[in-house]
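K.L.:
Provided herewith is a single structure, encoded as structure tokens, for subsequent inquiry.
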Amino acid sequence: MLELAEDRGVPLLERIRFCAIFSSNLDEFFMVRVAGLLGLIASGVSVRSADGRTPLEALVDIRRRVTELTARQSKLLRRDLLGELDAQGISVGDVGELRGRDLAELTERFEREIFPVLTPLAVGPGQPFPYISGLSLSLGLFVIDPETGERRLARVKVPEVLPRFLEIGRRNLFVPLEQVIAHFLPWLFPEMEISECAAFRVTRDADFEVSDEADDLLEAVELELRRRRFGDVVRVEISEAMSPEMRDRLLDGLGASEDQLYPVEGLLDLADLIQLVRLERPDLKDDPWVPVTQPRIGEAASPSEFFQEIRRGDILVHHPYESFTTSFDAFVRGSAKDPSVVGLKTTVYRTSDETPLVPALIDAAEEGKQSVCLVELKARFDEHRNIEWSRALERAGVHVVYGFPNLKIHAKATLIVRREGDMLRRYVHVGTGNYHALNARIYEDFGLFTADPDVAADVADLFNHMTGFGRPQRFRKLLVAPFALRARLIEEIRAVARAAEAGKKASIRIKVNALTDQAVIEELYEASQARTEIDVVARGVCSLRPGVPGMSENIRVRSILGRYLEHSRMFILEAGKAATYLIGSADLMPRNLDHRLELVVPIDDSYAQQRLSSAFDSLLADNSQAWELRSDGTWRRTRPAKDERPRPAQAALMRSARARFHRRSESSRGR
């Protein structure tokens, strides 16, 4: 992300976006991953990771690396991005530079909009050190009474309900809110002297575990959410200019240690730069992309015609290149209204106010249809939203199930039961991403609509397992974790390796967000040694080392970063004349394969297989937004050769989606 923010070939506000995403991702890394390491250290665990490090050694490396990266980010913003923004008429200024009308406007706005929501909190007799909430930006102060000479530490929280960058006038001049507050501190501490003012920010442990013995999962999750607010401190970011005395006072008050301190030069909390990205400056952004309607769905004018089209053959959609609104949204909206539909069952991991899934469930329940929703309450950082959705659904008469305390329901599946003549037919949607309309515009994912009787029966059995009580039998077609996904995938890998040993065509292509499962990695090493050609596209963590002589010289690993978040999981395994195509919700990590309910579905339709293969070809051909993993564990960005044109995969996939849509439209007009 940081390298893309540094790339002058990327539009300016997109570079700002990558800078903001870098900070947001780093926050989550500390709240979850670093918090886990600190927990291991506190409990005295001395286990070593796969690379031989203890938790304490890993933490030291993380602190060094994070310090390097945040310094690089601050330098990029200060010396490059802010200057380029100013040249384009967007200025992030300093309050101290405002004069005349601008300063008068700021004073009036401070009195009217900011001052009423500020609360100064001093530390002294009867005034204990205040609670500092996670990810909140604060000003630390030393305040002196000039009459008595008494000096106190104080804290002023920068209100999260206000924009981080306050616009002055209407000419795209912005000043950071913390600077505005610092300028007007005498209003908060009348007749006092401010001897020091410095910004700081606290990150707290946001991970939690629900007890396997929890009797009421909803109540247990609500309790843990309340505890999360008071999670242990894992990071304290401070302005680099902060005095040693104030650092010590803050660390003492927070109960934090010196090695949790991260000095930052310049602005803190750069995730708020996303406010500037939202400015209406299309000339400084990527060209807008309007998702096209999947050509076959485009011909389905009514719910009954949509179902008829699915019966004709499986339909594969690729978001955000193809529209989520005219595919999945239309599927559930139509199902809720179709008088022939008698049942609608779905899973909710993450959703949004714009997704009609929840309203469709409510409409279906009110129409007397069997309406069932499995809500995963433990979806990290979406727990509160999911609790609210679940209560709204229950009030409308939807059957709401919360899953299992010890198993996250990460599968993305929707089952529609429809009466057709004297029989009931089942229709299924299986996706690689969440039913979240906003994410579907920026997350790359696949979705499958099918009426395959075996897949539909498997999904029905899976819902019965999630809502009922019993052990599922062997699934007909689905690969389901934690029951048999790892074992079935390893079977497929071994079949490819045997084909390679016999001199037949043998290749494995895997696309995941993360690859860390040791058993799967060992099988891929074995397949490589049998001369299987293996390509892995892993967006994030990959514990496999490619290109190691005698072990993995036939394995290549790359990561794709661009305007969309690569999020789909797909597996293509070719053994001689046999080929297996799979998509689903599961990454190849122990947590996914052992501690989550994941769903992977085979793709049997030849045209859909061709589309998956073509999409993978585009990822492997990318020579401008791809990073290749080397055998020493470092990543190197690919660059076009001197006479080679750039081939970004996501741009190629946009062109392909548009061409498919136009070909189908022209064909329809010709008929």
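Each chain of the structure tokens is named A, B, ... in the order shown, its residues numbered from 1; ligands are numbered from 1 in display order.
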Assign secondary structure with DSSP using the backbone only, and return the residues of region 430-545 of chain A in strand (DSSP E) as a PDB file with N, CA and C atoms, in the first residue's frame.
P.N.:
ATOM      1  N   VAL A 430     -23.654 -19.050  -3.955  1.00  0.00           N
ATOM      2  CA  VAL A 430     -22.467 -19.224  -3.124  1.00  0.00           C
ATOM      3  C   VAL A 430     -21.464 -18.162  -3.544  1.00  0.00           C
ATOM      4  N   GLY A 431     -20.911 -17.439  -2.571  1.00  0.00           N
ATOM      5  CA  GLY A 431     -19.989 -16.360  -2.898  1.00  0.00           C
ATOM      6  C   GLY A 431     -18.651 -16.497  -2.201  1.00  0.00           C
ATOM      7  N   TYR A 443     -14.337  -4.591  -3.419  1.00  0.00           N
ATOM      8  CA  TYR A 443     -13.756  -5.910  -3.185  1.00  0.00           C
ATOM      9  C   TYR A 443     -13.957  -6.759  -4.439  1.00  0.00           C
ATOM     10  N   GLU A 444     -12.899  -7.427  -4.869  1.00  0.00           N
ATOM     11  CA  GLU A 444     -13.010  -8.351  -5.997  1.00  0.00           C
ATOM     12  C   GLU A 444     -13.472  -9.704  -5.465  1.00  0.00           C
ATOM     13  N   ASP A 445     -14.584 -10.212  -5.998  1.00  0.00           N
ATOM     14  CA  ASP A 445     -15.151 -11.476  -5.534  1.00  0.00           C
ATOM     15  C   ASP A 445     -15.906 -12.166  -6.658  1.00  0.00           C
ATOM     16  N   PHE A 446     -16.088 -13.471  -6.495  1.00  0.00           N
ATOM     17  CA  PHE A 446     -16.909 -14.256  -7.409  1.00  0.00           C
ATOM     18  C   PHE A 446     -18.175 -14.707  -6.693  1.00  0.00           C
ATOM     19  N   GLY A 447     -19.234 -14.913  -7.479  1.00  0.00           N
ATOM     20  CA  GLY A 447     -20.464 -15.486  -6.959  1.00  0.00           C
ATOM     21  C   GLY A 447     -21.033 -16.463  -7.973  1.00  0.00           C
ATOM     22  N   LEU A 448     -21.602 -17.555  -7.488  1.00  0.00           N
ATOM     23  CA  LEU A 448     -22.189 -18.583  -8.356  1.00  0.00           C
ATOM     24  C   LEU A 448     -23.669 -18.731  -8.055  1.00  0.00           C
ATOM     25  N   PHE A 449     -24.502 -18.638  -9.093  1.00  0.00           N
ATOM     26  CA  PHE A 449     -25.927 -18.979  -9.008  1.00  0.00           C
ATOM     27  C   PHE A 449     -26.099 -20.347  -9.657  1.00  0.00           C
ATOM     28  N   THR A 450     -26.732 -21.260  -8.945  1.00  0.00           N
ATOM     29  CA  THR A 450     -26.895 -22.602  -9.492  1.00  0.00           C
ATOM     30  C   THR A 450     -28.185 -23.243  -8.980  1.00  0.00           C
ATOM     31  N   LEU A 479     -17.099 -28.752  -0.529  1.00  0.00           N
ATOM     32  CA  LEU A 479     -15.975 -28.952   0.369  1.00  0.00           C
ATOM     33  C   LEU A 479     -16.204 -28.016   1.542  1.00  0.00           C
ATOM     34  N   VAL A 480     -16.351 -28.567   2.728  1.00  0.00           N
ATOM     35  CA  VAL A 480     -16.778 -27.775   3.881  1.00  0.00           C
ATOM     36  C   VAL A 480     -15.773 -27.924   5.020  1.00  0.00           C
ATOM     37  N   ALA A 481     -15.323 -26.808   5.546  1.00  0.00           N
ATOM     38  CA  ALA A 481     -14.504 -26.797   6.760  1.00  0.00           C
ATOM     39  C   ALA A 481     -15.444 -26.550   7.944  1.00  0.00           C
ATOM     40  N   ALA A 506       0.085 -31.297 -15.546  1.00  0.00           N
ATOM     41  CA  ALA A 506      -0.130 -31.152 -14.102  1.00  0.00           C
ATOM     42  C   ALA A 506       0.120 -29.706 -13.700  1.00  0.00           C
ATOM     43  N   SER A 507      -0.912 -29.055 -13.222  1.00  0.00           N
ATOM     44  CA  SER A 507      -0.748 -27.665 -12.774  1.00  0.00           C
ATOM     45  C   SER A 507      -1.724 -27.368 -11.652  1.00  0.00           C
ATOM     46  N   ILE A 508      -1.304 -26.461 -10.788  1.00  0.00           N
ATOM     47  CA  ILE A 508      -2.137 -26.012  -9.670  1.00  0.00           C
ATOM     48  C   ILE A 508      -2.096 -24.486  -9.657  1.00  0.00           C
ATOM     49  N   ARG A 509      -3.280 -23.881  -9.618  1.00  0.00           N
ATOM     50  CA  ARG A 509      -3.370 -22.428  -9.486  1.00  0.00           C
ATOM     51  C   ARG A 509      -4.289 -22.115  -8.310  1.00  0.00           C
ATOM     52  N   ILE A 510      -3.779 -21.324  -7.398  1.00  0.00           N
ATOM     53  CA  ILE A 510      -4.503 -21.019  -6.164  1.00  0.00           C
ATOM     54  C   ILE A 510      -4.525 -19.512  -5.971  1.00  0.00           C
ATOM     55  N   LYS A 511      -5.701 -18.972  -5.643  1.00  0.00           N
ATOM     56  CA  LYS A 511      -5.826 -17.553  -5.302  1.00  0.00           C
ATOM     57  C   LYS A 511      -6.508 -17.450  -3.942  1.00  0.00           C
ATOM     58  N   VAL A 512      -5.814 -16.860  -2.980  1.00  0.00           N
ATOM     59  CA  VAL A 512      -6.339 -16.726  -1.618  1.00  0.00           C
ATOM     60  C   VAL A 512      -5.882 -15.388  -1.048  1.00  0.00           C
ATOM     61  N   GLU A 533       3.592 -27.678 -12.021  1.00  0.00           N
ATOM     62  CA  GLU A 533       3.711 -26.224 -12.136  1.00  0.00           C
ATOM     63  C   GLU A 533       2.644 -25.582 -11.235  1.00  0.00           C
ATOM     64  N   ILE A 534       3.094 -24.747 -10.304  1.00  0.00           N
ATOM     65  CA  ILE A 534       2.194 -24.193  -9.289  1.00  0.00           C
ATOM     66  C   ILE A 534       2.311 -22.668  -9.277  1.00  0.00           C
ATOM     67  N   ASP A 535       1.160 -22.012  -9.367  1.00  0.00           N
ATOM     68  CA  ASP A 535       1.095 -20.555  -9.247  1.00  0.00           C
ATOM     69  C   ASP A 535       0.143 -20.197  -8.116  1.00  0.00           C
ATOM     70  N   VAL A 536       0.610 -19.342  -7.226  1.00  0.00           N
ATOM     71  CA  VAL A 536      -0.193 -18.884  -6.091  1.00  0.00           C
ATOM     72  C   VAL A 536      -0.305 -17.367  -6.163  1.00  0.00           C
ATOM     73  N   VAL A 537      -1.530 -16.861  -6.049  1.00  0.00           N
ATOM     74  CA  VAL A 537      -1.758 -15.429  -5.897  1.00  0.00           C
ATOM     75  C   VAL A 537      -2.301 -15.230  -4.487  1.00  0.00           C
ATOM     76  N   ALA A 538      -1.480 -14.656  -3.624  1.00  0.00           N
ATOM     77  CA  ALA A 538      -1.850 -14.460  -2.219  1.00  0.00           C
ATOM     78  C   ALA A 538      -1.803 -12.972  -1.915  1.00  0.00           C
TER      79      ALA A 538
END
K.L.:
Tell me, as a PDB file with all heavy atoms, in the first residue's frame, which residues lie within 7 Å of region 148-160 of chain A, counting only C-alpha atoms; anything in the same chain fewer than 5 positions away does not count.
P.N.:
ATOM      1  N   THR A 119     -14.098  18.703  26.179  1.00  0.00           N
ATOM      2  CA  THR A 119     -14.082  18.494  27.623  1.00  0.00           C
ATOM      3  C   THR A 119     -12.633  18.409  28.102  1.00  0.00           C
ATOM      4  O   THR A 119     -11.957  17.399  27.864  1.00  0.00           O
ATOM      5  CB  THR A 119     -14.819  17.201  28.012  1.00  0.00           C
ATOM      6  OG1 THR A 119     -16.160  17.246  27.526  1.00  0.00           O
ATOM      7  CG2 THR A 119     -14.819  17.012  29.519  1.00  0.00           C
ATOM      8  N   PRO A 120     -12.132  19.445  28.755  1.00  0.00           N
ATOM      9  CA  PRO A 120     -10.772  19.361  29.293  1.00  0.00           C
ATOM     10  C   PRO A 120     -10.747  18.477  30.538  1.00  0.00           C
ATOM     11  O   PRO A 120     -11.612  18.585  31.410  1.00  0.00           O
ATOM     12  CB  PRO A 120     -10.452  20.815  29.643  1.00  0.00           C
ATOM     13  CG  PRO A 120     -11.779  21.447  29.901  1.00  0.00           C
ATOM     14  CD  PRO A 120     -12.768  20.749  29.013  1.00  0.00           C
ATOM     15  N   LEU A 121      -9.782  17.585  30.607  1.00  0.00           N
ATOM     16  CA  LEU A 121      -9.654  16.681  31.749  1.00  0.00           C
ATOM     17  C   LEU A 121      -8.253  16.836  32.339  1.00  0.00           C
ATOM     18  O   LEU A 121      -7.254  16.462  31.712  1.00  0.00           O
ATOM     19  CB  LEU A 121      -9.882  15.228  31.318  1.00  0.00           C
ATOM     20  CG  LEU A 121     -11.277  14.881  30.796  1.00  0.00           C
ATOM     21  CD1 LEU A 121     -11.304  13.465  30.229  1.00  0.00           C
ATOM     22  CD2 LEU A 121     -12.307  15.015  31.915  1.00  0.00           C
ATOM     23  N   ALA A 122      -8.182  17.424  33.531  1.00  0.00           N
ATOM     24  CA  ALA A 122      -6.895  17.599  34.204  1.00  0.00           C
ATOM     25  C   ALA A 122      -6.660  16.440  35.165  1.00  0.00           C
ATOM     26  O   ALA A 122      -7.591  15.773  35.611  1.00  0.00           O
ATOM     27  CB  ALA A 122      -6.871  18.929  34.947  1.00  0.00           C
ATOM     28  N   VAL A 123      -5.394  16.205  35.466  1.00  0.00           N
ATOM     29  CA  VAL A 123      -5.005  15.143  36.397  1.00  0.00           C
ATOM     30  C   VAL A 123      -4.453  15.804  37.654  1.00  0.00           C
ATOM     31  O   VAL A 123      -3.535  16.638  37.582  1.00  0.00           O
ATOM     32  CB  VAL A 123      -3.944  14.213  35.774  1.00  0.00           C
ATOM     33  CG1 VAL A 123      -3.529  13.140  36.774  1.00  0.00           C
ATOM     34  CG2 VAL A 123      -4.469  13.592  34.494  1.00  0.00           C
ATOM     35  N   GLY A 124      -5.025  15.451  38.802  1.00  0.00           N
ATOM     36  CA  GLY A 124      -4.572  16.036  40.059  1.00  0.00           C
ATOM     37  C   GLY A 124      -5.373  15.471  41.208  1.00  0.00           C
ATOM     38  O   GLY A 124      -6.075  14.452  41.058  1.00  0.00           O
ATOM     39  N   LEU A 137      -7.828  10.318  19.035  1.00  0.00           N
ATOM     40  CA  LEU A 137      -6.729  11.271  18.995  1.00  0.00           C
ATOM     41  C   LEU A 137      -6.911  12.255  20.144  1.00  0.00           C
ATOM     42  O   LEU A 137      -8.016  12.740  20.390  1.00  0.00           O
ATOM     43  CB  LEU A 137      -6.732  12.003  17.654  1.00  0.00           C
ATOM     44  CG  LEU A 137      -5.575  12.945  17.355  1.00  0.00           C
ATOM     45  CD1 LEU A 137      -4.250  12.198  17.341  1.00  0.00           C
ATOM     46  CD2 LEU A 137      -5.813  13.647  16.014  1.00  0.00           C
ATOM     47  N   SER A 138      -5.824  12.543  20.840  1.00  0.00           N
ATOM     48  CA  SER A 138      -5.898  13.420  22.010  1.00  0.00           C
ATOM     49  C   SER A 138      -4.753  14.416  22.005  1.00  0.00           C
ATOM     50  O   SER A 138      -3.718  14.203  21.367  1.00  0.00           O
ATOM     51  CB  SER A 138      -5.837  12.604  23.312  1.00  0.00           C
ATOM     52  OG  SER A 138      -6.904  11.694  23.412  1.00  0.00           O
ATOM     53  N   LEU A 139      -4.947  15.485  22.748  1.00  0.00           N
ATOM     54  CA  LEU A 139      -3.876  16.436  23.029  1.00  0.00           C
ATOM     55  C   LEU A 139      -3.467  16.275  24.483  1.00  0.00           C
ATOM     56  O   LEU A 139      -4.315  16.307  25.389  1.00  0.00           O
ATOM     57  CB  LEU A 139      -4.344  17.872  22.776  1.00  0.00           C
ATOM     58  CG  LEU A 139      -4.687  18.243  21.330  1.00  0.00           C
ATOM     59  CD1 LEU A 139      -5.204  19.680  21.258  1.00  0.00           C
ATOM     60  CD2 LEU A 139      -3.480  18.069  20.426  1.00  0.00           C
ATOM     61  N   GLY A 140      -2.173  16.073  24.701  1.00  0.00           N
ATOM     62  CA  GLY A 140      -1.629  16.046  26.054  1.00  0.00           C
ATOM     63  C   GLY A 140      -1.053  17.410  26.380  1.00  0.00           C
ATOM     64  O   GLY A 140      -0.362  18.024  25.556  1.00  0.00           O
ATOM     65  N   LEU A 141      -1.334  17.911  27.578  1.00  0.00           N
ATOM     66  CA  LEU A 141      -0.947  19.281  27.931  1.00  0.00           C
ATOM     67  C   LEU A 141      -0.286  19.319  29.295  1.00  0.00           C
ATOM     68  O   LEU A 141      -0.607  18.516  30.188  1.00  0.00           O
ATOM     69  CB  LEU A 141      -2.178  20.199  27.982  1.00  0.00           C
ATOM     70  CG  LEU A 141      -3.220  20.084  26.867  1.00  0.00           C
ATOM     71  CD1 LEU A 141      -4.482  20.821  27.267  1.00  0.00           C
ATOM     72  CD2 LEU A 141      -2.660  20.649  25.584  1.00  0.00           C
ATOM     73  N   PHE A 142       0.623  20.282  29.463  1.00  0.00           N
ATOM     74  CA  PHE A 142       1.056  20.707  30.780  1.00  0.00           C
ATOM     75  C   PHE A 142       0.508  22.115  30.977  1.00  0.00           C
ATOM     76  O   PHE A 142       0.802  23.039  30.188  1.00  0.00           O
ATOM     77  CB  PHE A 142       2.576  20.703  30.902  1.00  0.00           C
ATOM     78  CG  PHE A 142       3.146  19.338  31.210  1.00  0.00           C
ATOM     79  CD1 PHE A 142       4.237  18.857  30.510  1.00  0.00           C
ATOM     80  CD2 PHE A 142       2.588  18.550  32.206  1.00  0.00           C
ATOM     81  CE1 PHE A 142       4.766  17.608  30.791  1.00  0.00           C
ATOM     82  CE2 PHE A 142       3.113  17.296  32.497  1.00  0.00           C
ATOM     83  CZ  PHE A 142       4.200  16.822  31.771  1.00  0.00           C
ATOM     84  N   VAL A 143      -0.331  22.282  32.009  1.00  0.00           N
ATOM     85  CA  VAL A 143      -1.004  23.553  32.281  1.00  0.00           C
ATOM     86  C   VAL A 143      -0.489  24.107  33.601  1.00  0.00           C
ATOM     87  O   VAL A 143      -0.463  23.384  34.612  1.00  0.00           O
ATOM     88  CB  VAL A 143      -2.534  23.364  32.334  1.00  0.00           C
ATOM     89  CG1 VAL A 143      -3.244  24.699  32.511  1.00  0.00           C
ATOM     90  CG2 VAL A 143      -3.036  22.666  31.074  1.00  0.00           C
ATOM     91  N   GLU A 178      -6.994  19.011  15.342  1.00  0.00           N
ATOM     92  CA  GLU A 178      -6.205  19.087  16.574  1.00  0.00           C
ATOM     93  C   GLU A 178      -5.423  20.396  16.644  1.00  0.00           C
ATOM     94  O   GLU A 178      -5.193  20.939  17.737  1.00  0.00           O
ATOM     95  CB  GLU A 178      -5.268  17.882  16.711  1.00  0.00           C
ATOM     96  CG  GLU A 178      -4.173  17.769  15.655  1.00  0.00           C
ATOM     97  CD  GLU A 178      -4.598  16.977  14.434  1.00  0.00           C
ATOM     98  OE1 GLU A 178      -5.815  16.943  14.149  1.00  0.00           O
ATOM     99  OE2 GLU A 178      -3.709  16.393  13.784  1.00  0.00           O
TER     100      GLU A 178
END
K.L.:
Using only C-alpha atoms, pick whichever of A:Asp272, A:Asp286, A:Glu491, A:Glu309 has the shortest atom-to-atom distance to Pro163 (chain A).
P.N.:
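Closest to Pro163 (chain A), using only C-alpha atoms: A:Asp272.
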K.L.:
Compile the contact shell of Val400 (chain A) as number ranges by chain: residues with an atom at most 9 Å away, counting only C-alpha atoms, same-chain residues fewer than 2 positions apart removed.
P.N.:
A: 371-375, 390-391, 393-394, 397-398, 402, 467
K.L.:
Name the closest residue to Asp232 (chain A) among the candidates A:Met31, A:Val548, A:Leu597, A:Ile144; distances are taken between atoms, counting only C-alpha atoms.
P.N.:
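Smallest separation from Asp232 (chain A) among the options: A:Met31.
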K.L.:
Please build the interface table for region 586-665 of chain A against region 456-462 of chain A with a cut-off of 12 Å, listing for each qualifying residue the nearest atom pair and the distance in Å to one decimal; count only C-alpha atoms, order rows by chain and increasing number, and write it as a tab-separated table.
P.N.:
residue	atom	partner	partner_atom	distance
A:Leu597	CA	A:Leu462	CA	9.6
A:Glu598	CA	A:Leu462	CA	10.4
A:Leu599	CA	A:Val459	CA	9.0
A:Val600	CA	A:Val459	CA	10.7
A:Val601	CA	A:Val459	CA	9.9
A:Pro602	CA	A:Asp458	CA	11.9
K.L.:
With only C-alpha atoms as the counted atoms, please give the residues lying no more than 12 Å from Val34 (chain A), apart from itself and same-chain residues fewer than 4 positions off, as a PyMOL selection string.
P.N.:
chain A and resi 26-30+38-41+55-56+58-63+66+203-207+232-235+260
K.L.:
Just the helix (DSSP H, G or I) stuff from region 130-354 of chain A, please, per backbone DSSP, written as a PyMOL selection string.
P.N.:
chain A and resi 177-183+185-188+217-228+244-254+258-260+270-277+282-284+295-298+303-312+325-337
K.L.:
Looking at A:Glu111, A:Glu6, A:Glu553, A:Asp329, which one is nearest to His436 (chain A), with distances taken over only C-alpha atoms?
P.N.:
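Smallest separation from His436 (chain A) among the options: A:Asp329.
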K.L.:
Show me, as JSON, numbers by chain, the residues that have an atom within 9 Å of Leu593 (chain A) when counting only C-alpha atoms, minus same-chain residues fewer than 2 positions from it.
P.N.:
{"A": [480, 481, 482, 483, 484, 485, 486, 517, 586, 587, 588, 589, 590, 591, 595, 596, 597, 598]}
K.L.:
When you draw a straight line from CA of Ile493 (chain A) to CA of Asp622 (chain A), how long is it in Å?
P.N.:
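So the two atoms, CA of Ile493 (chain A) and CA of Asp622 (chain A), lie 25.6 Å apart.
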K.L.:
Fewer than 2 positions away in the same chain doesn't count, so skip those; otherwise give me all residues within 12 Å of Gly255 (chain A), counting only C-alpha atoms, as number ranges by chain.
P.N.:
A: 129, 131-132, 202, 204, 231-236, 247-253, 257-258, 260-261
K.L.:
CA of Thr638 (chain A) and CA of Asn623 (chain A) are how many Å apart?
P.N.:
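If I compute the distance from CA of Thr638 (chain A) to CA of Asn623 (chain A), I get 5.2 Å.
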K.L.:
Excluding region 67-75 of chain A and residues on its chain fewer than 4 positions from it, collect all residues at most 10 Å away from it, counting only C-alpha atoms, and give them as a list in words.
P.N.:
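Here the qualifying residues turn out to be Leu2, Glu3, Ala5, Glu6, Cys19, Ala20, Phe22, Ser23, Leu26, Asp61, Ile62, Arg63, Arg79, Asp80, Leu81, Tyr262, Pro263, Val264, Glu265, Gly266, Leu267, Leu268 and Leu270 of chain A.
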K.L.:
Smallest atom-to-atom distance to His567 (chain A): which of A:Ser614, A:Ala519, A:His319, A:Ser631, using only C-alpha atoms?
P.N.:
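Smallest distance to His567 (chain A) is found for A:His319.
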K.L.:
Measuring atom to atom with only C-alpha atoms, identify which of A:Ser656, A:Gln370, A:Ser624, A:Ser613 is nearest to Ala336 (chain A).
P.N.:
A:Gln370
K.L.:
Record the distance separating CA of Leu361 (chain A) and CA of Leu344 (chain A), expressed in Å with one decimal.
P.N.:
7.2 Å
